[in-house]
$ cat structure35.cif   # mmCIF, C-alpha atoms and all ligand atoms
data_model
loop_
_atom_site.label_atom_id
_atom_site.label_comp_id
_atom_site.auth_asym_id
_atom_site.auth_seq_id
_atom_site.Cartn_x
_atom_site.Cartn_y
_atom_site.Cartn_z
CA MET D 22 16.33 -143.27 306.99
CA LEU D 23 14.53 -140.95 304.61
CA HIS D 24 11.70 -142.34 302.53
CA SER D 25 10.03 -140.55 299.69
CA PRO D 26 7.02 -142.69 298.92
CA ARG D 27 5.11 -142.28 295.72
CA VAL D 28 1.76 -140.63 295.98
CA VAL D 29 -0.83 -143.09 294.75
CA THR D 30 -4.25 -141.80 293.86
CA ILE D 31 -7.27 -144.03 293.71
CA ARG D 32 -8.57 -145.13 290.31
CA ARG D 33 -12.26 -144.70 289.84
CA GLU D 34 -12.95 -148.35 289.01
CA MET D 35 -11.06 -149.55 292.12
CA HIS D 36 -13.36 -150.62 294.95
CA GLU D 37 -11.99 -149.93 298.44
CA LEU D 38 -9.36 -152.51 299.39
CA VAL D 39 -8.40 -154.58 302.42
CA ASP D 40 -4.68 -155.21 302.93
CA ILE D 41 -4.86 -158.53 304.81
CA GLY D 42 -1.16 -158.62 305.74
CA ALA D 43 0.81 -155.54 306.77
CA ASN D 44 3.57 -155.53 309.38
CA LEU D 45 2.70 -152.04 310.59
CA THR D 46 4.38 -152.42 313.97
CA HIS D 47 7.74 -152.66 312.16
CA ASP D 48 10.17 -149.97 313.32
CA SER D 49 10.68 -148.70 309.78
CA PHE D 50 7.23 -147.07 310.21
CA ASP D 51 8.03 -145.46 313.57
CA ASP D 52 8.77 -142.05 312.05
CA ASP D 53 5.79 -141.73 309.74
CA ARG D 54 3.12 -144.28 310.72
CA ARG D 55 0.35 -141.69 310.61
CA GLU D 56 1.37 -140.38 307.18
CA MET D 57 1.76 -143.91 305.85
CA LEU D 58 -1.81 -144.71 306.96
CA ALA D 59 -3.06 -141.50 305.33
CA ARG D 60 -1.35 -142.46 302.06
CA ALA D 61 -2.96 -145.91 302.26
CA ALA D 62 -6.41 -144.37 302.76
CA ALA D 63 -5.84 -141.96 299.85
CA ALA D 64 -4.89 -144.92 297.66
CA GLY D 65 -8.15 -146.71 298.49
CA VAL D 66 -6.87 -149.09 301.16
CA ALA D 67 -9.75 -148.65 303.58
CA ARG D 68 -8.92 -151.42 306.04
CA LEU D 69 -5.80 -153.34 307.02
CA VAL D 70 -5.00 -156.40 309.09
CA VAL D 71 -1.82 -155.81 311.10
CA THR D 72 0.29 -158.95 311.36
CA GLY D 73 1.48 -160.17 314.74
CA THR D 74 4.61 -162.32 314.57
CA SER D 75 5.59 -162.62 318.24
CA VAL D 76 3.89 -161.88 321.55
CA THR D 77 5.46 -158.40 321.59
CA SER D 78 4.44 -157.51 318.06
CA SER D 79 0.98 -159.05 318.58
CA VAL D 80 0.43 -156.85 321.64
CA GLN D 81 1.53 -153.84 319.55
CA ALA D 82 -0.67 -154.90 316.64
CA SER D 83 -3.75 -155.15 318.87
CA ALA D 84 -2.97 -151.77 320.47
CA LEU D 85 -2.59 -150.18 317.04
CA ALA D 86 -5.90 -151.72 315.93
CA GLU D 87 -7.64 -150.48 319.07
CA ALA D 88 -6.38 -146.96 318.29
CA HIS D 89 -7.90 -147.13 314.76
CA VAL D 90 -11.22 -148.87 315.28
CA GLY D 91 -12.86 -150.02 312.06
CA VAL D 92 -9.73 -149.34 309.99
CA LEU D 93 -7.05 -151.52 311.54
CA PHE D 94 -7.47 -155.07 312.75
CA ALA D 95 -4.82 -157.39 314.17
CA THR D 96 -3.66 -160.97 314.23
CA ALA D 97 -2.04 -162.57 317.28
CA GLY D 98 0.51 -165.29 316.86
CA VAL D 99 4.09 -166.49 316.74
CA HIS D 100 5.85 -166.75 313.38
CA PRO D 101 7.85 -169.97 312.83
CA HIS D 102 11.03 -167.83 312.94
CA HIS D 103 10.23 -167.09 316.60
CA ALA D 104 8.96 -170.58 317.46
CA SER D 105 11.85 -171.26 319.84
CA GLU D 106 10.41 -168.51 322.11
CA PHE D 107 7.10 -170.34 322.37
CA ASP D 108 6.32 -171.60 325.87
CA THR D 109 3.38 -171.82 328.27
CA HIS D 110 3.54 -168.04 328.92
CA THR D 111 3.29 -167.45 325.18
CA ALA D 112 0.24 -169.64 324.91
CA ALA D 113 -1.44 -167.79 327.78
CA ALA D 114 -0.59 -164.38 326.30
CA LEU D 115 -2.01 -165.36 322.91
CA ARG D 116 -5.15 -166.73 324.51
CA THR D 117 -5.76 -163.31 326.08
CA LEU D 118 -4.97 -161.42 322.86
CA VAL D 119 -7.32 -163.44 320.66
CA GLY D 120 -10.13 -162.46 323.02
CA ASN D 121 -9.86 -158.84 321.83
CA VAL D 122 -12.47 -157.71 319.31
CA ALA D 123 -9.72 -156.06 317.26
CA CYS D 124 -8.00 -159.43 316.85
CA VAL D 125 -9.44 -161.19 313.82
CA ALA D 126 -7.09 -164.17 313.36
CA VAL D 127 -4.55 -166.45 315.01
CA GLY D 128 -1.08 -166.19 313.43
CA GLU D 129 0.99 -165.69 311.62
CA CYS D 130 1.86 -169.27 312.32
CA GLY D 131 3.11 -172.21 310.34
CA LEU D 132 6.37 -173.79 309.22
CA ASP D 133 9.47 -172.28 307.58
CA PHE D 134 12.10 -174.88 306.68
CA PHE D 135 13.79 -172.44 304.29
CA ARG D 136 15.33 -170.21 306.91
CA ASP D 137 15.14 -172.64 309.84
CA TYR D 138 15.63 -169.73 312.27
CA SER D 139 13.98 -171.92 314.90
CA PRO D 140 14.55 -175.68 315.21
CA ARG D 141 11.93 -177.66 313.29
CA ASP D 142 10.61 -179.41 316.39
CA ALA D 143 9.99 -176.04 318.01
CA GLN D 144 8.21 -174.89 314.84
CA ARG D 145 5.97 -177.97 314.85
CA GLU D 146 5.08 -177.48 318.49
CA ALA D 147 4.32 -173.77 318.16
CA PHE D 148 2.22 -174.39 315.06
CA ALA D 149 0.25 -177.21 316.68
CA ALA D 150 -0.42 -175.06 319.75
CA GLN D 151 -1.70 -172.19 317.62
CA LEU D 152 -3.94 -174.46 315.57
CA GLU D 153 -5.41 -175.67 318.83
CA LEU D 154 -5.89 -172.09 320.02
CA ALA D 155 -7.60 -171.13 316.76
CA ALA D 156 -9.96 -174.09 317.04
CA ALA D 157 -10.76 -173.14 320.63
CA CYS D 158 -11.37 -169.42 320.01
CA GLY D 159 -13.20 -169.80 316.70
CA LYS D 160 -11.04 -167.32 314.79
CA PRO D 161 -9.40 -168.14 311.45
CA VAL D 162 -5.67 -168.84 311.02
CA PHE D 163 -3.16 -166.62 309.21
CA LEU D 164 -0.70 -169.12 307.78
CA HIS D 165 2.95 -168.95 306.73
CA GLN D 166 4.69 -171.79 304.90
CA ARG D 167 8.02 -171.95 303.16
CA ASP D 168 9.80 -175.11 301.97
CA ALA D 169 7.62 -177.17 304.27
CA HIS D 170 4.54 -177.74 302.14
CA GLU D 171 3.94 -181.44 302.75
CA GLU D 172 4.35 -181.38 306.48
CA PHE D 173 2.35 -178.17 306.71
CA VAL D 174 -0.59 -179.76 304.88
CA ALA D 175 -0.27 -182.94 306.96
CA MET D 176 -0.52 -180.88 310.16
CA LEU D 177 -3.46 -178.81 308.93
CA LYS D 178 -5.57 -181.64 307.56
CA PRO D 179 -6.66 -183.28 310.82
CA THR D 180 -7.47 -179.93 312.48
CA ARG D 181 -9.06 -178.24 309.48
CA ALA D 182 -12.66 -179.22 310.31
CA ALA D 183 -12.34 -177.56 313.72
CA LEU D 184 -11.01 -174.28 312.27
CA ALA D 185 -13.01 -171.20 311.29
CA GLY D 186 -11.11 -170.97 308.00
CA GLY D 187 -7.69 -169.67 307.15
CA VAL D 188 -5.46 -167.98 304.62
CA ALA D 189 -2.22 -169.21 303.11
CA HIS D 190 -0.55 -165.82 303.27
CA CYS D 191 2.05 -164.75 300.70
CA PHE D 192 1.29 -167.63 298.37
CA THR D 193 4.10 -168.05 295.84
CA GLY D 194 3.60 -171.66 294.79
CA GLY D 195 2.59 -173.61 291.72
CA PRO D 196 -0.61 -175.47 290.78
CA ALA D 197 0.00 -178.51 293.02
CA GLU D 198 0.41 -176.39 296.14
CA LEU D 199 -2.63 -174.36 295.18
CA GLU D 200 -4.75 -177.51 294.75
CA ALA D 201 -3.71 -178.77 298.19
CA TYR D 202 -4.70 -175.45 299.80
CA LEU D 203 -8.00 -175.28 297.97
CA ASP D 204 -8.73 -178.84 299.11
CA LEU D 205 -8.28 -177.53 302.63
CA ASP D 206 -10.73 -174.76 301.75
CA LEU D 207 -8.18 -172.04 302.48
CA TYR D 208 -8.07 -168.52 301.12
CA ILE D 209 -5.00 -167.57 299.10
CA GLY D 210 -3.11 -164.35 299.93
CA VAL D 211 -1.24 -162.75 297.02
CA THR D 212 1.44 -160.09 297.52
CA GLY D 213 3.60 -157.89 295.29
CA TRP D 214 5.62 -161.04 294.58
CA VAL D 215 3.31 -161.15 291.57
CA CYS D 216 5.02 -158.00 290.23
CA ASP D 217 8.34 -159.82 289.84
CA GLU D 218 8.54 -161.33 286.37
CA ARG D 219 11.48 -163.54 287.25
CA ARG D 220 11.01 -164.72 290.84
CA GLY D 221 7.23 -164.57 290.55
CA ALA D 222 7.01 -166.72 287.41
CA ASP D 223 5.33 -169.72 289.15
CA LEU D 224 2.87 -167.49 290.93
CA ARG D 225 2.04 -165.52 287.78
CA ALA D 226 1.29 -168.76 285.94
CA THR D 227 -0.85 -170.09 288.80
CA LEU D 228 -2.69 -166.86 289.56
CA PRO D 229 -5.53 -167.33 287.01
CA ARG D 230 -6.34 -170.69 288.63
CA ILE D 231 -7.14 -169.18 292.03
CA PRO D 232 -10.93 -169.06 292.30
CA LEU D 233 -12.04 -165.44 292.60
CA GLU D 234 -13.96 -166.20 295.80
CA ARG D 235 -10.73 -167.49 297.45
CA LEU D 236 -8.43 -164.60 296.50
CA LEU D 237 -7.07 -162.11 299.05
CA VAL D 238 -4.54 -159.32 298.56
CA GLU D 239 -1.77 -158.08 300.83
CA THR D 240 1.40 -156.02 300.75
CA ASP D 241 3.39 -157.73 303.56
CA ALA D 242 4.78 -154.21 304.08
CA PRO D 243 7.50 -153.18 304.79
CA TYR D 244 8.74 -156.31 302.97
CA LEU D 245 8.23 -157.29 299.33
CA LEU D 246 8.27 -153.92 297.61
CA PRO D 247 6.69 -154.52 294.16
CA ARG D 248 9.59 -154.66 291.72
CA ASP D 249 7.89 -152.79 288.90
CA LEU D 250 6.75 -149.58 290.57
CA GLU D 251 7.34 -146.61 288.28
CA PRO D 252 8.97 -144.38 289.33
CA LYS D 253 10.78 -146.54 291.88
CA PRO D 254 10.41 -145.23 295.43
CA ARG D 255 13.67 -144.30 297.11
CA GLY D 256 14.53 -146.87 299.76
CA ARG D 257 13.33 -150.47 299.72
CA ARG D 258 10.43 -150.04 302.11
CA ASN D 259 7.06 -151.32 300.94
CA GLU D 260 3.88 -149.70 302.23
CA PRO D 261 0.13 -150.40 302.08
CA ALA D 262 -0.56 -147.58 299.57
CA TYR D 263 1.07 -149.79 296.93
CA LEU D 264 -1.68 -152.40 297.29
CA ALA D 265 -3.63 -150.66 294.52
CA HIS D 266 -0.72 -151.27 292.16
CA ILE D 267 -0.59 -154.96 293.13
CA VAL D 268 -4.33 -155.30 292.49
CA GLU D 269 -3.91 -153.79 289.02
CA ARG D 270 -1.22 -156.36 288.21
CA ILE D 271 -3.35 -159.22 289.54
CA ALA D 272 -6.33 -158.07 287.50
CA ALA D 273 -4.23 -157.88 284.32
CA LEU D 274 -2.67 -161.32 284.86
CA ARG D 275 -6.11 -162.86 285.51
CA SER D 276 -7.72 -160.99 282.59
CA GLU D 277 -10.30 -159.53 284.94
CA SER D 278 -11.25 -155.94 285.61
CA VAL D 279 -9.83 -154.00 288.53
CA ASP D 280 -13.42 -153.45 289.64
CA ILE D 281 -14.11 -157.20 289.87
CA VAL D 282 -10.83 -158.07 291.64
CA SER D 283 -11.07 -155.23 294.15
CA ARG D 284 -14.71 -155.97 294.99
CA ALA D 285 -14.19 -159.73 295.33
CA THR D 286 -11.04 -159.54 297.45
CA THR D 287 -12.68 -157.07 299.83
CA THR D 288 -15.79 -159.23 300.18
CA ASN D 289 -13.56 -162.27 300.78
CA ALA D 290 -11.60 -160.49 303.51
CA GLU D 291 -14.84 -159.38 305.19
CA ARG D 292 -16.11 -162.97 305.10
CA LEU D 293 -12.94 -164.70 306.35
CA PHE D 294 -12.08 -162.20 309.10
CA ARG D 295 -15.72 -161.35 309.87
CA LEU D 296 -14.99 -157.66 309.57
CA PRO D 297 -17.79 -155.44 310.81
CA ALA D 298 -19.88 -153.68 308.17
CA ARG D 299 -18.51 -150.26 307.17
CA SER D 300 -20.46 -147.34 308.53
ZN ZN D 401 4.92 -164.83 306.31
#

$ encode --input "structure35.cif" --output "structure tokens"
Amino acid sequence: MLHSPRVVTIRREMHELVDIGANLTHDSFDDDRREMLARAAAAGVARLVVTGTSVTSSVQASALAEAHVGVLFATAGVHPHHASEFDTHTAAALRTLVGNVACVAVGECGLDFFRDYSPRDAQREAFAAQLELAAACGKPVFLHQRDAHEEFVAMLKPTRAALAGGVAHCFTGGPAELEAYLDLDLYIGVTGWVCDERRGADLRATLPRIPLERLLVETDAPYLLPRDLEPKPRGRRNEPAYLAHIVERIAALRSESVDIVSRATTTNAERLFRLPARS
């Protein structure tokens, strides 16, 4: 497939960004991964956390991070969609992966009762095992939740004190969900969902209520292409270079400057994932 991504140039008031959720091992990047990373850097996305969603993709994410020290970091985990694959070998493989310096979080893990690609019992078990792993290794959790809010919160609550923090990635909820996550002292990851006036209406209304010191930004590339990019890129593939556009939208919806939002979200990412200082 041919992509013709927009060239995004950095705005002067934009502080360097951290994309905390990018699925860079996805095969849609196989033909131009290097160029895609160069476009991200040119657009001010200085560091990225590569999402692991299965043992295979977590191994790839860590390898990619090790090949781009200081720029790419990885998570290691099993997405609820893949929970039925989770067994004792999985647990052992993840335990090894989270020992890597390049691995900064356990996940993505959680519950997804919207798709139900894996049976719910398998999802619960995989999630519980990863919460336990996160508590044991002292790294934060990268969390996914869809249509399972109450059970998700009920599972997190008793383990929360033992965890080194976490982020509710791709937050799309309303004020009640936000309150529950803030009560758990989680960070809130916002994607290009915010650029969708229709589907993102709840999120857009809730966005100003997210405390600045809890806000993180992510593309979830290659998914969730911002709907309002002008001109529209050919193809539906999202990429990290578009994070700057998402941050501009977030700043406008929160009535804050791009400078403030970019600085705060980068500091928050450094704090949660304990990213090393930039040289
Ligand atoms: Zn997710």

$ residues_around --input "structure35.cif" --residues "Val80 in chain D" --least-positions-apart "6" --cutoff "9 Å" --atoms "all atoms listed in the file" --output "PyMOL selection string"
chain D and resi 73+97+114-115+118

$ residues_around --input "structure35.cif" --residues "Ala182 in chain D" --least-positions-apart "2" --cutoff "12 Å" --atoms "all atoms listed in the file" --output "list of chain:residue names"
D:Leu152, D:Glu153, D:Ala155, D:Ala156, D:Gly159, D:Pro161, D:Leu177, D:Lys178, D:Pro179, D:Thr180, D:Leu184, D:Ala185, D:Gly186, D:Gly187, D:Asp204, D:Leu205, D:Asp206, D:Leu207

$ residues_near_ligand --input "structure35.cif" --ligand "ligand ZN 401 (chain D)" --cutoff "8 Å" --atoms "all atoms listed in the file" --output "list in words"
His100, Glu129, Leu164, His165, Gln166, His190, Cys191 and Asp241 of chain D

$ closest_atom_pairs --input "structure35.cif" --of "range 150-265 of chain D" --to "range 275-293 of chain D" --cutoff "12 Å" --atoms "all atoms listed in the file" --output "Markdown table"
| residue | atom | partner | partner_atom | distance |
| --- | --- | --- | --- | --- |
| D:Gly159 | CA | D:Leu293 | CA | 11.5 |
| D:Lys160 | CA | D:Leu293 | CA | 9.0 |
| D:Pro161 | CA | D:Leu293 | CA | 7.1 |
| D:Val162 | CA | D:Leu293 | CA | 9.6 |
| D:Phe163 | CA | D:Leu293 | CA | 10.4 |
| D:Leu184 | CA | D:Leu293 | CA | 11.4 |
| D:Ala185 | CA | D:Leu293 | CA | 8.2 |
| D:Gly186 | CA | D:Leu293 | CA | 6.7 |
| D:Gly187 | CA | D:Leu293 | CA | 7.3 |
| D:Val188 | CA | D:Leu293 | CA | 8.3 |
| D:Asp206 | CA | D:Leu293 | CA | 11.3 |
| D:Leu207 | CA | D:Leu293 | CA | 9.6 |
| D:Tyr208 | CA | D:Leu293 | CA | 8.1 |
| D:Ile209 | CA | D:Thr286 | CA | 10.2 |
| D:Gly210 | CA | D:Thr286 | CA | 9.6 |
| D:Val211 | CA | D:Thr286 | CA | 10.3 |
| D:Val215 | CA | D:Arg275 | CA | 11.3 |
| D:Leu224 | CA | D:Arg275 | CA | 11.5 |
| D:Arg225 | CA | D:Arg275 | CA | 8.9 |
| D:Ala226 | CA | D:Arg275 | CA | 9.5 |
| D:Thr227 | CA | D:Arg275 | CA | 9.5 |
| D:Leu228 | CA | D:Arg275 | CA | 6.6 |
| D:Pro229 | CA | D:Arg275 | CA | 4.8 |
| D:Arg230 | CA | D:Arg275 | CA | 8.4 |
| D:Ile231 | CA | D:Arg275 | CA | 9.1 |
| D:Pro232 | CA | D:Ala285 | CA | 10.3 |
| D:Leu233 | CA | D:Ala285 | CA | 6.7 |
| D:Glu234 | CA | D:Asn289 | CA | 6.4 |
| D:Arg235 | CA | D:Asn289 | CA | 6.8 |
| D:Leu236 | CA | D:Thr286 | CA | 5.8 |
| D:Leu237 | CA | D:Thr286 | CA | 5.0 |
| D:Val238 | CA | D:Thr286 | CA | 6.6 |
| D:Glu239 | CA | D:Thr286 | CA | 10.0 |
| D:Leu264 | CA | D:Ser283 | CA | 10.3 |
| D:Ala265 | CA | D:Ser283 | CA | 8.7 |

$ residues_near_point --input "structure35.cif" --point "(0.1, -171.3, 318.2)" --cutoff "9 Å" --atoms "only C-alpha atoms" --output "ChimeraX atom specification"
/D:98-100,104,107,111-112,115,127-131,146-155
